[in-house]
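Since the structure comes first, as structure tokens, the remarks are kept for the end.
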Amino acid sequence: MPKRHKRLLVVLLSSLATSTVFAPGTVGDVWGANDISESTRQSSCEVSGRVPISPQAVGPLPVAAPIRQLLTICRGVHTMREAEEHSYPAVEFHVGGLTVLASQTIEADSVKSDDPADTWEVKGANGVLPMGVSLRSSWTQLRRAYGAAVVNTVFDEVEVMFCRFPNMSLYLDTDIEALRPIDGNELTRIPSDAKIVRVIISSWPFGGSRCVGVER
């Protein structure tokens with residue numbers, strides 16, 4: 001990977017590993033999404049059963065859609081994501097019991113409504129990943145279903161990216177101190193009962209290059 005891409009990847013990962021800070025008010029109030037009835041938006045987000053999660057969509061929310069379109073589907077709340085050196089604007093949605101954060105890696109106080117989010121974060125248990133894999137699955141079940149993967153430590157978290165889904169990363173609840181140092185494809189060091197704490201879906205094109213040379 002070129003050095004320039006590596007530097008950008010570090011900045012992006014730092015923005016993924018930090019908490020979300022909420023700002024008052026809703027995005028709908030700010031950008032005039034109030035012409036969409038509240039009942040219509042709310043019913044779209046009340047997904048029956050488990051919420052499907054994929055690199056293409058989270059429930060009824062298309063990942064590639066501009067923020068303005070997402071706000072016609074679900075009611076969103078303005079947030080700021082605090083990274084190590086930057087704050088990134090985002091919108092939080094609640095879909096079928098999941099907390100879904102759509103953010104843009106830009107230096108601004110609010111998202112650009114005509115642009116899509118470049119990073120999505122999903123938290124909760126009531127979801128289903130590609131190929132029908134439950135969000136509650138253990139590491140052993142995930143590995144059996146998805147196969148080849150690479151693992152990385154991002155600040156105080158363990159991140160796993162399966163090579164068949166290079167734009168989607170799973171963050172696990174395992175003790176990072178017990179695993180260090182860990183990098184690349186040292187998958188056997190992850191406890192078999194480790195579970196997912198959050199899912200990150202990114203539009204950045206770095207995932208595929210991480211799997212070069214990894215056995216599939």
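If you're wondering about the labels, chains in the structure tokens are A, B, ... by order shown, residues count from 1 in each chain, ligands from 1 in order shown.
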**Study point:** Exercise: stretch 139-148 of chain A partners within 6 Å, only C-alpha atoms, chain neighbours under 2 positions left out, as number ranges by chain
**Key:** A: 137, 162-163, 192-194, 216
Exercise for review: Give the helix (DSSP H, G or I) residues of stretch 76-139 of chain A, as assigned by DSSP on the backbone, as a list of chain:residue names.
Suggested key: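 Output for stretch 76-139 of chain A, helix (DSSP H, G or I) only: A:Pro130, A:Met131, A:Gly132, A:Trp139.
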Practice item. Find the residues around stretch 94-97 of chain A up to 12 Å (only C-alpha atoms counted), leave out those fewer than 3 positions away in its own chain, and share them as a PyMOL selection string. Key: chain A and resi 41-53+57-61+70-71+73-77+91+100-102+121-128
Practice item. Would you mind listing what lies within 10 Å of A:Pro55 as a PyMOL selection string, with only C-alpha atoms counted and same-chain residues fewer than 2 positions away left out? Key: chain A and resi 53+57-58+62-64+120+129-130+165-169+200-203
Quick one: write out the picked residues with C-alpha atoms as a PDB file, in the first residue's frame?
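Heads up, here's the output in out.pdb:
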ATOM      1  CA  ILE A  53     -26.825  -5.450   7.682  1.00  0.00           C
ATOM      2  CA  ALA A  57     -27.559  -1.192   3.321  1.00  0.00           C
ATOM      3  CA  VAL A  58     -28.486  -1.179   6.982  1.00  0.00           C
ATOM      4  CA  PRO A  62     -28.948   2.481   1.585  1.00  0.00           C
ATOM      5  CA  VAL A  63     -25.288   3.049   2.413  1.00  0.00           C
ATOM      6  CA  ALA A  64     -24.609   4.964  -0.812  1.00  0.00           C
ATOM      7  CA  TRP A 120     -21.379   3.638   9.070  1.00  0.00           C
ATOM      8  CA  LEU A 129     -25.123 -10.003   8.696  1.00  0.00           C
ATOM      9  CA  PRO A 130     -24.623 -11.228   5.103  1.00  0.00           C
ATOM     10  CA  PHE A 165     -16.472  -8.244   2.697  1.00  0.00           C
ATOM     11  CA  PRO A 166     -13.553  -5.774   2.472  1.00  0.00           C
ATOM     12  CA  ASN A 167     -15.739  -2.765   3.250  1.00  0.00           C
ATOM     13  CA  MET A 168     -17.082  -4.191   6.511  1.00  0.00           C
ATOM     14  CA  SER A 169     -15.177  -4.558   9.779  1.00  0.00           C
ATOM     15  CA  ILE A 200     -18.210  -0.582  10.696  1.00  0.00           C
ATOM     16  CA  ILE A 201     -19.074  -0.218   7.004  1.00  0.00           C
ATOM     17  CA  SER A 202     -16.732   2.036   5.048  1.00  0.00           C
ATOM     18  CA  SER A 203     -16.726   3.387   1.514  1.00  0.00           C
TER      19      SER A 203
END
Check your understanding: Between A:Val154, A:Leu170, A:Val197, A:Ala65, which has the minimum distance to A:Ala117 (counting only C-alpha atoms)?
Key -> A:Ala65
Practice item. Using backbone DSSP assignments, extract all strand (DSSP E or B) residues from stretch 36-184 of chain A; output them as a VMD selection string. Key: chain A and resid 51 to 53 57 to 58 61 to 62 66 77 to 82 87 to 95 98 to 103 116 119 to 123 127 to 129 133 to 134 138 149 to 154 157 to 162 168 to 172 184
Practice item. Go through A:Arg164, A:Val212, A:Ser103, A:Ser54 one by one, measure the shortest atom-to-atom distance of each to A:Gly132 using only C-alpha atoms, and give the residue with the smallest value. Key: A:Ser54
Revision key, fill the gap. Atom CA of A:Val150 sits from atom CA of A:Leu135 at a separation of 18.9 Å
